[in-house]
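So this block is coords_1.txt, compact mmCIF, C-alpha atoms:
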# COMPACT_ATOMS: atom_id res chain seq x y z
CA MET A 464 -33.04 -85.35 -13.27
CA LYS A 465 -34.85 -84.41 -10.12
CA LYS A 466 -34.55 -81.11 -8.34
CA LYS A 467 -36.02 -79.84 -5.17
CA ASP A 468 -39.14 -77.79 -5.33
CA VAL A 469 -38.31 -74.13 -5.55
CA GLN A 470 -40.97 -73.33 -3.03
CA GLY A 471 -39.15 -75.41 -0.46
CA ASN A 472 -42.08 -77.60 0.56
CA GLY A 473 -39.89 -80.71 0.68
CA HIS A 474 -41.50 -82.58 -2.26
CA ASP A 475 -39.32 -83.79 -5.03
CA GLN A 476 -40.45 -82.77 -8.44
CA ASP A 477 -39.36 -83.83 -11.89
CA THR A 478 -38.23 -80.80 -13.80
CA ASN A 479 -37.06 -82.48 -17.02
CA ASP A 480 -33.58 -81.01 -16.98
CA VAL A 481 -34.77 -77.40 -16.77
CA ASP A 482 -32.44 -75.17 -14.77
CA VAL A 483 -34.22 -72.94 -12.36
CA ASN A 484 -32.19 -69.85 -11.58
CA ILE A 485 -33.66 -67.54 -9.00
CA ASN A 486 -31.00 -64.86 -9.59
CA SER A 487 -31.91 -64.01 -13.14
CA ASP A 488 -34.47 -62.26 -15.18
CA GLU A 489 -36.35 -64.50 -17.51
CA ASN A 490 -34.68 -62.69 -20.47
CA VAL A 491 -31.14 -62.42 -19.04
CA ASN A 492 -28.59 -65.13 -18.37
CA GLY A 493 -28.02 -65.54 -14.63
CA SER A 494 -24.28 -64.82 -14.64
CA GLN A 495 -24.80 -61.72 -16.78
CA HIS A 496 -27.41 -60.40 -14.37
CA LEU A 497 -25.07 -60.78 -11.40
CA ASN A 498 -22.21 -58.91 -13.09
CA GLU A 499 -24.23 -55.83 -14.07
CA PRO A 500 -24.55 -54.31 -10.59
CA VAL A 501 -20.79 -54.71 -10.11
CA ALA A 502 -20.16 -52.78 -13.35
CA GLU A 503 -22.66 -50.13 -12.32
CA GLU A 504 -21.08 -49.85 -8.86
CA SER A 505 -17.57 -49.41 -10.32
CA GLU A 506 -18.90 -46.77 -12.73
CA ILE A 507 -20.59 -44.96 -9.83
CA GLU A 508 -17.34 -45.08 -7.83
CA ASN A 509 -15.45 -43.75 -10.85
CA LEU A 510 -17.91 -40.87 -11.22
CA LYS A 511 -17.72 -40.12 -7.49
CA SER A 512 -13.92 -39.95 -7.65
CA GLN A 513 -14.12 -37.64 -10.69
CA ILE A 514 -16.56 -35.37 -8.83
CA ALA A 515 -14.26 -35.31 -5.80
CA GLU A 516 -11.26 -34.50 -8.03
CA LEU A 517 -13.11 -31.67 -9.84
CA ASN A 518 -14.40 -30.31 -6.53
CA ASP A 519 -10.83 -30.30 -5.17
CA LYS A 520 -9.59 -28.46 -8.28
CA TYR A 521 -12.40 -25.93 -7.93
CA LEU A 522 -11.63 -25.29 -4.26
CA ARG A 523 -7.93 -24.85 -5.06
CA GLN A 524 -8.74 -22.36 -7.83
CA VAL A 525 -11.01 -20.38 -5.51
CA ALA A 526 -8.31 -20.31 -2.82
CA GLU A 527 -5.64 -19.32 -5.34
CA PHE A 528 -7.80 -16.48 -6.68
CA ASP A 529 -8.57 -15.30 -3.15
CA ASN A 530 -4.84 -15.24 -2.34
CA PHE A 531 -4.15 -13.32 -5.56
CA ARG A 532 -6.85 -10.78 -4.72
CA ARG A 533 -5.47 -10.25 -1.21
CA ARG A 534 -1.88 -9.96 -2.45
CA ASN A 535 -2.93 -7.49 -5.15
CA ALA A 536 -4.85 -5.34 -2.63
CA LYS A 537 -1.86 -5.35 -0.27
CA GLU A 538 0.51 -4.32 -3.08
CA ARG A 539 -1.87 -1.55 -4.14
CA VAL A 540 -1.99 -0.15 -0.60
CA GLU A 541 1.82 -0.29 -0.37
CA LEU A 542 2.13 1.44 -3.75
CA ILE A 543 -0.24 4.23 -2.72
CA GLN A 544 1.62 4.72 0.55
CA THR A 545 5.01 4.97 -1.17
CA ALA A 546 3.95 6.51 -4.50
CA GLY A 547 5.53 9.87 -3.78
CA LYS A 548 8.68 8.46 -2.21
CA ASP A 549 10.89 9.11 -5.26
CA VAL A 550 9.65 12.67 -5.67
CA ILE A 551 10.00 13.42 -1.96
CA THR A 552 13.52 11.94 -1.91
CA ASP A 553 14.55 14.15 -4.83
CA LEU A 554 12.93 17.21 -3.23
CA LEU A 555 14.94 16.69 -0.05
CA ASP A 556 17.98 18.09 -1.89
CA VAL A 557 15.96 21.21 -2.73
CA LEU A 558 14.86 21.46 0.90
CA ASP A 559 18.50 21.24 2.04
CA ASP A 560 19.43 24.03 -0.40
CA SER A 561 16.50 26.14 0.85
CA GLU A 562 17.70 25.78 4.44
CA ARG A 563 21.24 26.78 3.44
CA ALA A 564 19.84 29.79 1.57
CA GLN A 565 17.80 30.77 4.61
CA LYS A 566 20.90 30.63 6.85
CA GLN A 567 22.81 32.68 4.28
CA MET A 568 20.06 35.32 4.22
CA GLU A 569 20.30 35.65 8.00
CA THR A 570 24.07 36.20 7.96
CA THR A 571 24.54 38.46 4.94
CA ASP A 572 23.17 41.76 3.74
CA ASP A 573 24.35 41.34 0.15
CA VAL A 574 21.10 41.42 -1.85
CA THR A 575 22.78 40.18 -5.03
CA GLN A 576 24.13 37.10 -3.28
CA ILE A 577 20.72 36.38 -1.70
CA LYS A 578 19.01 36.73 -5.10
CA GLN A 579 21.46 34.32 -6.72
CA GLY A 580 20.98 31.79 -3.92
CA VAL A 581 17.20 31.92 -4.17
CA GLN A 582 17.36 31.66 -7.98
CA LEU A 583 19.58 28.57 -7.67
CA VAL A 584 17.10 26.95 -5.28
CA PHE A 585 14.17 27.71 -7.61
CA SER A 586 16.14 26.46 -10.60
CA LYS A 587 16.95 23.20 -8.80
CA LEU A 588 13.28 22.79 -7.81
CA ARG A 589 12.10 23.33 -11.39
CA ASN A 590 14.72 20.91 -12.76
CA THR A 591 13.81 18.24 -10.20
CA LEU A 592 10.10 18.49 -10.97
CA SER A 593 10.79 18.61 -14.71
CA ALA A 594 12.83 15.40 -14.41
CA LYS A 595 9.76 13.77 -12.81
CA GLY A 596 7.59 14.73 -15.81
CA LEU A 597 6.16 18.08 -14.68
CA LYS A 598 5.76 20.60 -17.46
CA PRO A 599 4.31 24.12 -17.14
CA MET A 600 1.44 25.12 -19.41
CA GLU A 601 2.05 28.10 -21.69
CA SER A 602 -1.16 30.13 -21.75
CA ILE A 603 -0.55 33.88 -22.25
CA GLY A 604 -1.36 34.97 -25.80
CA LYS A 605 -2.97 31.62 -26.71
CA GLU A 606 -6.61 31.06 -27.62
CA PHE A 607 -8.81 30.40 -24.59
CA ASN A 608 -9.44 26.66 -24.35
CA PRO A 609 -11.91 25.52 -21.65
CA ASP A 610 -10.23 22.10 -21.62
CA LEU A 611 -6.96 23.73 -20.50
CA HIS A 612 -7.95 27.01 -18.90
CA GLU A 613 -10.28 28.20 -16.19
CA ALA A 614 -11.49 31.73 -16.93
CA ILE A 615 -11.47 33.91 -13.83
CA THR A 616 -12.65 37.07 -15.56
CA GLU A 617 -12.89 38.84 -18.91
CA ILE A 618 -11.45 42.24 -19.67
CA ASP A 619 -11.50 44.57 -22.66
CA ALA A 620 -8.19 43.95 -24.38
CA GLY A 621 -8.82 45.16 -27.89
CA GLU A 622 -9.66 43.32 -31.08
CA LYS A 623 -6.25 41.62 -31.29
CA MET A 624 -6.62 39.79 -27.93
CA LYS A 625 -10.34 38.96 -28.22
CA GLY A 626 -10.88 35.34 -27.07
CA LYS A 627 -7.24 34.98 -26.05
CA VAL A 628 -5.57 34.63 -22.66
CA VAL A 629 -4.43 38.09 -21.54
CA ASP A 630 -3.00 37.21 -18.12
CA GLU A 631 -2.34 34.13 -16.02
CA ILE A 632 -3.44 34.21 -12.37
CA GLN A 633 -2.26 30.66 -11.61
CA LYS A 634 -0.06 28.56 -13.88
CA GLY A 635 -1.37 25.26 -15.21
CA TYR A 636 0.73 22.09 -15.28
CA TYR A 637 1.02 18.80 -17.15
CA LEU A 638 2.41 15.63 -15.62
CA ASN A 639 3.63 13.30 -18.36
CA ASP A 640 1.37 15.09 -20.89
CA LYS A 641 -1.72 14.80 -18.69
CA ILE A 642 -3.24 17.93 -17.18
CA ILE A 643 -2.89 17.94 -13.40
CA ARG A 644 -3.87 21.58 -12.86
CA HIS A 645 -5.80 23.93 -15.16
CA ALA A 646 -4.45 27.44 -15.62
CA LYS A 647 -6.55 30.20 -14.06
CA VAL A 648 -6.57 32.97 -16.63
CA VAL A 649 -7.96 36.35 -17.62
CA VAL A 650 -9.54 36.32 -21.08
CA GLY A 651 -9.85 39.25 -23.51
CA LYS A 652 -13.28 40.21 -24.80
Translate the structure of the given file into structure tokens.
Amino acid sequence: MKKKDVQGNGHDQDTNDVDVNINSDENVNGSQHLNEPVAEESEIENLKSQIAELNDKYLRQVAEFDNFRRRNAKERVELIQTAGKDVITDLLDVLDDSERAQKQMETTDDVTQIKQGVQLVFSKLRNTLSAKGLKPMESIGKEFNPDLHEAITEIDAGEKMKGKVVDEIQKGYYLNDKIIRHAKVVVGK
């Protein structure tokens, strides 16, 4: 069988039935060599699509977290702005009673009636605050505790009251078992 010269010089050459394949490696079949780049290209395209998909997921997660952070900050600001709303609403009743007591004091001279009115207002105030978790601290006669008390001064109070709270200048308070104000006290020495 005769084939044309590979160099293309126009001379016929006897090749003795040897196939000359210019598309192949000398160690690889020609059709196999042609299919490899196609497989590599499809694998590259597959990897590119996976990268694009993962990048999209990442961007969505970042956006979702950013939205969560903004929503959380907005809710926190709203909570801070309205945190005392319940307490204020409940104290409005006490304020109304105080105004009624004030009007009553202006129109009457009965000291007993004025005292009862003021005591009712104070009682309602204490009950309202107690319902919200406020509890007064009992200090007089107790051992001085720097975690609970703030010593204003020391006085001689005898051996029995040494190291104990003799008097309370300003009452201390707990809110739901947490100290919100230390008691200012006089301590015996």
Rank nothing, just name the residue among A:Ala515, A:Val650, A:Ile551, A:Ile543 nearest to Lys623 of chain A, using all atoms listed in the file. A:Val650
From the options A:Arg589, A:Ser561, A:Gly651, A:Glu541, which residue's atoms come nearest to Asp619 of chain A, counting all atoms listed in the file?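 Of A:Arg589, A:Ser561, A:Gly651, A:Glu541, the one nearest Asp619 of chain A, counting all atoms listed in the file, is A:Gly651.
For the atom pair formed by atom CA of Leu555 of chain A and atom CA of Asp573 of chain A, the distance is 26.4 Å, given to one decimal.
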I'd like to know which of A:Met624, A:Val525, A:Val581, A:Met600 is closest to Leu638 of chain A, using only C-alpha atoms.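 For Leu638 of chain A, the nearest of the given residues is A:Met600.
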Using Å and a single decimal, report how far atom CA of Asp559 of chain A sits from atom CA of Lys595 of chain A.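 Atom CA of Asp559 of chain A lies 18.8 Å from atom CA of Lys595 of chain A.
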Pick out the closest residue to Ala564 of chain A from this set: A:Val584, A:Val550, A:Leu611, A:Val540. Count all atoms listed in the file.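 Residue with the minimum atom-to-atom distance to Ala564 of chain A: A:Val584.
Closest approach to Lys627 of chain A among A:Lys647, A:Arg539, A:Lys578, A:Lys652: A:Lys652, based on all atoms listed in the file.
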Please determine, counting only C-alpha atoms, which residue among A:Tyr637, A:Val649, A:Leu583, A:Gln565 has the shortest atom-to-atom distance to Gly604 of chain A.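 The closest residue to Gly604 of chain A is A:Val649.
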